[in-house]
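Student: Structure in structure tokens, see below.
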Amino acid sequence: MNNLSKNLLQKTLKKLNSYFFIFLCAMLFLTLFSFQKTQAQNFSLKATFIENTNEPLAFATISLWRIGEKAGKKDSTLTKFLVTNEKGEVTFENIAPNNYRLKAEMSGFANFISPMINLDKDTDLGKITLKNDGEMEAVEIKAKRPIVEIQPDKTVFNVENLISATGSTAFELLQKSPGVVIDNNDNINLQGKPAMRVYIDGRPSPLTGKDLADYLRTVQGVDIEAIELITQPSAKYDASGNAGIINIRFKKNKNLGSNGSFTLGVGHGKFTRYNGSVTLNNRTAKASYFINYSPRIAKEYNFIDLDRSQNSSRFNQTSNTASEANAHNLRAGADFFLDKKNTLGFGITGNFADVYALTNSNTDISGNNPTFNNLKAENTTKAQRFSSNFNTNYRYADTSGRSLNIDANVGFFKNDRDFLQPNTYSGNQLFARINYRMVTPTNIILGNIKADWEQRLGKGKLGFGAKIAFVNTDNNFGFYNINPNNNAETIDNERSNLFTYLENVNALYVNYQIKIKKFDFQLGVRAEQTNSKGTLTAKQINENAEVKREYLDFFPSAGVSYNANQKNVFGLRYSRRIERPNYQDLNPFESRLDELTYQKGNPFLKPQYTQSLELSHNYAYTLNTSLSYSNTTGFFAQVTDTLNVTKSVMSTQNFGNLQVWNLGITYPMEIRKWWNMFISINASHSDYYADFGGGRVINRQIQSLNFYGQQTFSLPKNFTLEFSGFWTSPSIWAGVYRTQSLGNLDIALQKKVFGESGTLKLTVTDVFFTLPWRAVNEFAGLYINGNGGSDSRQIRVNFTYRFGNKQVKGLKQRKTGAEEEMQRIGN
């Protein structure tokens, strides 16, 4: 691309960025303007819930549903939900006049749904008795949850109500999640902090970094119910994850019977991709079963340009990749209800992906009298990835608040990559070819067992538990030199190695929660003892051939919330957490990524520790504001450093410190019955500091802003229109890359067909093509100006059809205990 074309492209992108920013500002203005329109005289609704013995029911979940008409049929929308206090009381304040129903749910009791309530004044329903597992008259409530729910311990992004979710992948939905930012290396940041944990349906993803992103791109958005953002996990959770936990929760259903659904979709950007999903559910009085299968066949396009200056030499590289992926996801499970108190369950998840990628790279070399002035490479990558997890679980629960959960897991992960790179140098009538192949099979076995007990103690709830986890990983790196004349391959023992890593983590925790008048207290501590051993087997001598570690850490957590009145709730939470290195990052061997770039592991890489403090305020169960501070010591990230005159080396290093201040604001609201809006704003200040010696110092401060907004309009004739988008200001990635702003805007139109059994959706993603990134790195005499992206602007068409009983109750969501180990499998 000549300079004129580049300048024209840059001006066009800047103009589109301006239009996009103006659009998001308009969304924000509409939000603030419409706030004035929503003020009206509101009322309160009070009720007291008891059991047959006239004893109050504390901690029951009570939801309030507004009853309306849609297309001539009854339709209900979730307005608010609360939990009863120790007296069994619940009060909904500031409720707009309308028709409502109350729904009460509690383990061991039959669900209660009230008759219709015409709320035109302050109302007290008096005492309501919940029956012990009795049969209630069925009243159908068509649940339509708000896009975002602010709960006491987490933020829930209900993507099943997002029209553009169908046809999207889990990775794309994460980009839209409030407070989530994904950098150019596919690292996920939450509230300005890196190193969070991703759970898949309560189980840990077996991947991190690029591998995690590749897997999430195979998970279909139509199968996802919600994304849970947990920024301050209690002691019950694994201590891993500096920024907290993101749990991607799959869909389940609701009562006795059978049902199913299937989805077919096609999308087109630069290339075409296809996706599908089929789900079957069945529940009887004795057992519940489900199975889900989701295939995805796609051809995708990515590009990256890197202009690197080093020691008076310049390397201007442009590259593009066309990849074909054939991916399959399977989930299945069964719960057996042994009696009213005991349940035994089994679950299996599996993922298989077959990938072929072709990368064309061209590097112009100038300055410092280079021998060659151009390097061309046509790289092919063949990869097969397989992962599976098997879970057995047991649950005991009675009506007195006592419960026992036991989970046992075994997981397998296999990733085979075959990377062929022919390099052709040219210049000054000289010509050279250097070809090589890298074969890198990885095998990982994970196993763990955990137990959790909860019971009422005094006026509060006591919980304690234990977990034992083991990991065994083998990383085999085979480097082969290829004779360019006859293509004969010879293994290079100086560049090949086998790295094995064994780890055992033993954990104990105790947690206590109690409510005293208007205060709700939570206090807990978790102890984790870690034993690890990394061993490098190679022909060459390496002083870091074996590294052993043993350490014991304590992770306290505490929180208090104050219900000042019916409209204002304040919260203060503290936690200490750990992030252990990925297994591959510990491999001390130096491998060649291409002729000019190397990668080296770090066996002395230490865990990083984060202490977090968060102050929050919730107004009228809608407007949520939080201010948080975190300090990470030993923060690690991948750093690009110089290696002799022409080469660079990438390695993961422990920084000194990372401090992050974050202000978050979320506001979901209904402007009219046909118009809903949600905005999320996160402003953060990050302070990076590290001293690697030799004048290599990183000392940077950055302020960044992240905005997400959505507008949903219910139109006549069962149409729904949705605008959604996010924008991220200039920021810093990994302490060294200064980034420019980026964002995207999606437009989706939905039509209900075949009654309400079918849904047809049309989506246009990244309308202004503003998602590609740009970044600059200046460190240790190295300057990199880079940009990259994918064919993110696409048009998608999807059709979903649901059949059978639409109120089948599926299996319970479980966290199996394998989350932390599975997450740490690196790229």
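Ordering of the structure tokens sets the chain letters (A, B, ...), residue numbers begin anew at 1 in every chain, and ligands are numbered from 1 in the order given.
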Show me, as a compact mmCIF listing (two decimals) with all heavy atoms, in the first residue's frame, the residues that have an atom within 12 Å of Ile117 in chain A when counting only C-alpha atoms, minus same-chain residues fewer than 5 positions from it.
Tutor:
```txt
# COMPACT_ATOMS: atom_id res chain seq x y z
N LEU A 45 -44.62 -1.76 47.72
CA LEU A 45 -45.35 -3.02 47.84
C LEU A 45 -44.62 -3.88 48.87
O LEU A 45 -43.43 -4.18 48.71
CB LEU A 45 -45.40 -3.74 46.48
CG LEU A 45 -46.10 -5.11 46.46
CD1 LEU A 45 -47.56 -4.97 46.83
CD2 LEU A 45 -45.95 -5.76 45.09
N LYS A 46 -45.35 -4.30 49.93
CA LYS A 46 -44.74 -5.02 51.04
C LYS A 46 -45.44 -6.37 51.22
O LYS A 46 -46.64 -6.51 50.96
CB LYS A 46 -44.84 -4.21 52.33
CG LYS A 46 -44.22 -4.88 53.55
CD LYS A 46 -44.34 -3.99 54.78
CE LYS A 46 -43.72 -4.70 56.00
NZ LYS A 46 -43.85 -3.87 57.22
N LEU A 64 -40.48 -9.33 41.38
CA LEU A 64 -41.67 -8.56 41.02
C LEU A 64 -41.73 -8.45 39.50
O LEU A 64 -40.79 -7.99 38.86
CB LEU A 64 -41.61 -7.17 41.66
CG LEU A 64 -42.80 -6.25 41.41
CD1 LEU A 64 -44.06 -6.80 42.08
CD2 LEU A 64 -42.51 -4.84 41.92
N TRP A 65 -42.89 -8.86 38.94
CA TRP A 65 -43.05 -8.91 37.48
C TRP A 65 -44.18 -7.97 37.06
O TRP A 65 -45.29 -8.03 37.58
CB TRP A 65 -43.39 -10.32 37.02
CG TRP A 65 -42.33 -11.33 37.36
CD1 TRP A 65 -42.13 -11.92 38.57
CD2 TRP A 65 -41.34 -11.83 36.49
NE1 TRP A 65 -41.06 -12.76 38.51
CE2 TRP A 65 -40.55 -12.74 37.24
CE3 TRP A 65 -41.03 -11.62 35.14
CZ2 TRP A 65 -39.48 -13.42 36.69
CZ3 TRP A 65 -39.97 -12.31 34.59
CH2 TRP A 65 -39.21 -13.19 35.36
N ARG A 66 -43.88 -7.08 36.11
CA ARG A 66 -44.92 -6.21 35.56
C ARG A 66 -45.68 -6.94 34.48
O ARG A 66 -45.08 -7.56 33.58
CB ARG A 66 -44.29 -4.94 34.97
CG ARG A 66 -45.33 -3.87 34.62
CD ARG A 66 -44.76 -2.75 33.77
NE ARG A 66 -44.57 -3.21 32.40
CZ ARG A 66 -43.39 -3.29 31.82
NH1 ARG A 66 -42.31 -2.95 32.46
NH2 ARG A 66 -43.28 -3.73 30.56
N ILE A 67 -47.01 -6.92 34.53
CA ILE A 67 -47.86 -7.64 33.58
C ILE A 67 -48.34 -6.67 32.51
O ILE A 67 -48.86 -5.59 32.81
CB ILE A 67 -49.08 -8.27 34.29
CG1 ILE A 67 -48.63 -9.09 35.49
CG2 ILE A 67 -49.88 -9.12 33.31
CD1 ILE A 67 -47.69 -10.22 35.15
N PRO A 97 -46.86 2.83 39.06
CA PRO A 97 -48.19 2.22 39.04
C PRO A 97 -48.39 1.36 37.79
O PRO A 97 -48.10 1.78 36.68
CB PRO A 97 -49.13 3.44 39.04
CG PRO A 97 -48.30 4.59 38.58
CD PRO A 97 -46.91 4.31 39.02
N ASN A 98 -48.88 0.12 38.02
CA ASN A 98 -49.09 -0.82 36.93
C ASN A 98 -49.68 -2.10 37.51
O ASN A 98 -49.94 -2.17 38.71
CB ASN A 98 -47.78 -1.12 36.19
CG ASN A 98 -48.00 -1.38 34.72
OD1 ASN A 98 -48.89 -2.14 34.35
ND2 ASN A 98 -47.19 -0.75 33.88
N ASN A 99 -49.85 -3.12 36.68
CA ASN A 99 -50.28 -4.43 37.15
C ASN A 99 -49.05 -5.32 37.34
O ASN A 99 -48.19 -5.38 36.46
CB ASN A 99 -51.24 -5.08 36.14
CG ASN A 99 -52.56 -4.32 36.04
OD1 ASN A 99 -53.05 -3.78 37.03
ND2 ASN A 99 -53.12 -4.26 34.84
N TYR A 100 -49.01 -6.03 38.50
CA TYR A 100 -47.83 -6.82 38.84
C TYR A 100 -48.23 -8.18 39.39
O TYR A 100 -49.37 -8.40 39.80
CB TYR A 100 -46.97 -6.10 39.89
CG TYR A 100 -46.38 -4.80 39.43
CD1 TYR A 100 -47.03 -3.59 39.65
CD2 TYR A 100 -45.15 -4.79 38.77
CE1 TYR A 100 -46.48 -2.39 39.23
CE2 TYR A 100 -44.59 -3.59 38.36
CZ TYR A 100 -45.26 -2.40 38.59
OH TYR A 100 -44.71 -1.23 38.16
N ARG A 101 -47.26 -9.10 39.41
CA ARG A 101 -47.33 -10.34 40.17
C ARG A 101 -46.05 -10.49 40.98
O ARG A 101 -44.98 -10.05 40.56
CB ARG A 101 -47.48 -11.57 39.25
CG ARG A 101 -48.78 -11.66 38.49
CD ARG A 101 -48.86 -13.02 37.79
NE ARG A 101 -49.91 -13.07 36.79
CZ ARG A 101 -51.17 -13.40 37.05
NH1 ARG A 101 -51.53 -13.68 38.30
NH2 ARG A 101 -52.08 -13.43 36.08
N LEU A 102 -46.19 -11.13 42.15
CA LEU A 102 -45.04 -11.48 42.96
C LEU A 102 -44.73 -12.96 42.76
O LEU A 102 -45.64 -13.79 42.71
CB LEU A 102 -45.32 -11.24 44.45
CG LEU A 102 -45.03 -9.86 45.04
CD1 LEU A 102 -45.29 -9.89 46.54
CD2 LEU A 102 -43.61 -9.42 44.77
N LYS A 103 -43.43 -13.28 42.67
CA LYS A 103 -43.00 -14.67 42.60
C LYS A 103 -42.01 -14.92 43.71
O LYS A 103 -41.04 -14.17 43.88
CB LYS A 103 -42.37 -15.00 41.25
CG LYS A 103 -41.97 -16.46 41.09
CD LYS A 103 -41.41 -16.75 39.71
CE LYS A 103 -41.04 -18.22 39.57
NZ LYS A 103 -40.48 -18.53 38.22
N ASP A 122 -49.68 2.70 48.05
CA ASP A 122 -48.82 1.89 48.89
C ASP A 122 -49.60 0.67 49.38
O ASP A 122 -50.70 0.82 49.95
CB ASP A 122 -48.30 2.70 50.08
CG ASP A 122 -47.33 3.79 49.64
OD1 ASP A 122 -46.75 3.66 48.57
OD2 ASP A 122 -47.17 4.77 50.39
N THR A 123 -49.05 -0.53 49.18
CA THR A 123 -49.82 -1.76 49.42
C THR A 123 -49.03 -2.71 50.31
O THR A 123 -47.83 -2.92 50.11
CB THR A 123 -50.14 -2.46 48.09
OG1 THR A 123 -50.86 -1.55 47.25
CG2 THR A 123 -50.97 -3.71 48.32
N ASP A 124 -49.72 -3.32 51.31
CA ASP A 124 -49.14 -4.36 52.16
C ASP A 124 -49.97 -5.62 51.96
O ASP A 124 -51.16 -5.66 52.30
CB ASP A 124 -49.14 -3.93 53.63
CG ASP A 124 -48.38 -4.91 54.52
OD1 ASP A 124 -48.09 -6.03 54.06
OD2 ASP A 124 -48.08 -4.55 55.67
N LEU A 125 -49.35 -6.68 51.41
CA LEU A 125 -50.08 -7.91 51.13
C LEU A 125 -50.23 -8.79 52.37
O LEU A 125 -50.89 -9.83 52.31
CB LEU A 125 -49.35 -8.71 50.04
CG LEU A 125 -49.21 -8.01 48.68
CD1 LEU A 125 -48.44 -8.90 47.71
CD2 LEU A 125 -50.57 -7.65 48.10
```
Student: Which residues, written as a list in words, have at least one atom at most 9 Å from Ser261 in chain A, with only C-alpha atoms counted and residues fewer than 5 positions away on the same chain left out?
Tutor: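 Final neighbour list, sorted by chain and number: Ser277, Val278, Thr279, Leu280, Thr800, Tyr801, Arg802, Phe803 and Gly804 of chain A.
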Student: Could the residues in this selection be saved with all heavy atoms as a short mmCIF file (atom, residue, chain, number, x, y, z; two decimals), in the first residue's frame?
Tutor:
```cif
data_model
loop_
_atom_site.label_atom_id
_atom_site.label_comp_id
_atom_site.auth_asym_id
_atom_site.auth_seq_id
_atom_site.Cartn_x
_atom_site.Cartn_y
_atom_site.Cartn_z
N SER A 277 -26.72 -24.82 16.29
CA SER A 277 -26.83 -25.30 17.67
C SER A 277 -28.12 -26.08 17.82
O SER A 277 -29.16 -25.70 17.25
CB SER A 277 -26.82 -24.11 18.66
OG SER A 277 -27.00 -24.56 19.98
N VAL A 278 -28.06 -27.18 18.57
CA VAL A 278 -29.26 -27.94 18.89
C VAL A 278 -29.20 -28.33 20.35
O VAL A 278 -28.15 -28.74 20.86
CB VAL A 278 -29.40 -29.19 17.98
CG1 VAL A 278 -28.20 -30.10 18.11
CG2 VAL A 278 -30.69 -29.93 18.28
N THR A 279 -30.32 -28.15 21.06
CA THR A 279 -30.41 -28.43 22.48
C THR A 279 -31.66 -29.26 22.77
O THR A 279 -32.74 -28.96 22.24
CB THR A 279 -30.47 -27.14 23.31
OG1 THR A 279 -29.30 -26.36 23.05
CG2 THR A 279 -30.52 -27.44 24.81
N LEU A 280 -31.51 -30.29 23.59
CA LEU A 280 -32.64 -31.12 24.03
C LEU A 280 -32.63 -31.19 25.55
O LEU A 280 -31.59 -31.38 26.17
CB LEU A 280 -32.54 -32.52 23.43
CG LEU A 280 -32.56 -32.63 21.90
CD1 LEU A 280 -32.29 -34.07 21.47
CD2 LEU A 280 -33.90 -32.14 21.35
N THR A 800 -33.88 -19.27 14.74
CA THR A 800 -34.01 -20.15 15.90
C THR A 800 -35.44 -20.64 16.00
O THR A 800 -36.39 -19.85 15.84
CB THR A 800 -33.63 -19.42 17.19
OG1 THR A 800 -32.27 -18.97 17.11
CG2 THR A 800 -33.76 -20.34 18.41
N TYR A 801 -35.60 -21.93 16.27
CA TYR A 801 -36.94 -22.51 16.45
C TYR A 801 -36.96 -23.33 17.74
O TYR A 801 -36.07 -24.15 17.98
CB TYR A 801 -37.32 -23.40 15.27
CG TYR A 801 -38.75 -23.91 15.35
CD1 TYR A 801 -39.81 -23.09 15.02
CD2 TYR A 801 -39.01 -25.21 15.78
CE1 TYR A 801 -41.12 -23.54 15.10
CE2 TYR A 801 -40.32 -25.67 15.87
CZ TYR A 801 -41.37 -24.83 15.53
OH TYR A 801 -42.66 -25.29 15.63
N ARG A 802 -37.97 -23.08 18.58
CA ARG A 802 -38.13 -23.79 19.86
C ARG A 802 -39.35 -24.69 19.78
O ARG A 802 -40.41 -24.28 19.26
CB ARG A 802 -38.29 -22.79 20.99
CG ARG A 802 -37.04 -21.94 21.22
CD ARG A 802 -37.31 -20.76 22.13
NE ARG A 802 -38.22 -19.80 21.50
CZ ARG A 802 -37.82 -18.87 20.65
NH1 ARG A 802 -36.55 -18.78 20.32
NH2 ARG A 802 -38.69 -18.03 20.11
N PHE A 803 -39.22 -25.92 20.29
CA PHE A 803 -40.33 -26.86 20.24
C PHE A 803 -40.48 -27.57 21.58
O PHE A 803 -39.56 -27.58 22.41
CB PHE A 803 -40.11 -27.89 19.12
CG PHE A 803 -38.77 -28.59 19.18
CD1 PHE A 803 -38.60 -29.75 19.93
CD2 PHE A 803 -37.67 -28.08 18.50
CE1 PHE A 803 -37.37 -30.40 19.98
CE2 PHE A 803 -36.43 -28.72 18.56
CZ PHE A 803 -36.29 -29.88 19.31
N GLY A 804 -41.64 -28.19 21.78
CA GLY A 804 -41.90 -28.89 23.04
C GLY A 804 -42.38 -27.94 24.12
O GLY A 804 -42.79 -26.80 23.87
#
```
Student: Excluding Asp335 in chain A and any residue of its chain fewer than 2 positions from it, enumerate the residues within 10 Å of it, using only C-alpha atoms, and give them as a count of residues only.
Tutor: 20
Student: List as an MDAnalysis selection string the protein and nucleic acid residues near Thr530 in chain A, meaning an atom at most 6 Å away when only C-alpha atoms are counted, but skip any in the same chain fewer than 3 places from it.
Tutor: chainID A and resid 504:505 550:551
Student: I'd like the neighbourhood of Leu762 in chain A as a PyMOL selection string, where a residue qualifies if any of its atoms comes within 9 Å (using only C-alpha atoms), though same-chain residues fewer than 6 positions away should be ignored.
Tutor: chain A and resi 163-164+747-751+795-798
Student: May I have the residues within 7 Å of Pro668 in chain A as a list of chain:residue names, using only C-alpha atoms and disregarding those fewer than 3 positions away in the same chain?
Tutor: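 Result of the neighbour search: A:Val148, A:Thr622, A:Met677, A:Phe678, A:Ile679.
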Student: For Phe519 in chain A, which of A:Asn563, A:Thr535, A:Asn320, A:Gln310 is the closest residue, counting only C-alpha atoms?
Tutor: A:Asn563
Student: Could you check the closest approach to Ser790 in chain A for each of A:Thr770, A:Gln608, A:Ser686, A:Asn511 and tell me which residue wins, using only C-alpha atoms?
Tutor: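 Smallest separation from Ser790 in chain A among the options: A:Thr770.
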Student: Quick one: everything within 12 Å of Ile702 in chain A, counting only C-alpha atoms, minus sequence neighbours fewer than 5 positions away in the same chain. Send it as a ChimeraX atom specification.
Tutor: /A:192,658-662,683-689,729-733,735-739
Student: Residues of range 505-652 of chain A classed as strand (DSSP E) by DSSP on the backbone are to be reported as a ChimeraX atom specification.
Tutor: /A:505-516,519-537,546-563,568-579,590-594,597-600,608-619,623-633,636-643,647-652
Student: Quote the spacing between CA of Asn448 in chain A and CA of Asp407 in chain A in Å to one decimal place.
Tutor: 8.2 Å
Student: Here is a test: counting only C-alpha atoms, which residue of A:Gly350, A:Gly524, A:Pro603, A:Gly478 is nearest to Ile200 in chain A?
Tutor: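 Ranking A:Gly350, A:Gly524, A:Pro603, A:Gly478 by distance to Ile200 in chain A, first place goes to A:Gly350.
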Student: Go ahead and compute the interatomic distance for CA of Lys80 in chain A and CA of Ser44 in chain A, in Å to one decimal.
Tutor: 12.2 Å
Student: Out of A:Asn360, A:Ser724, A:Thr349, A:Asn568, which residue has the shortest atom-to-atom distance to Val764 in chain A when counting only C-alpha atoms?
Tutor: A:Ser724
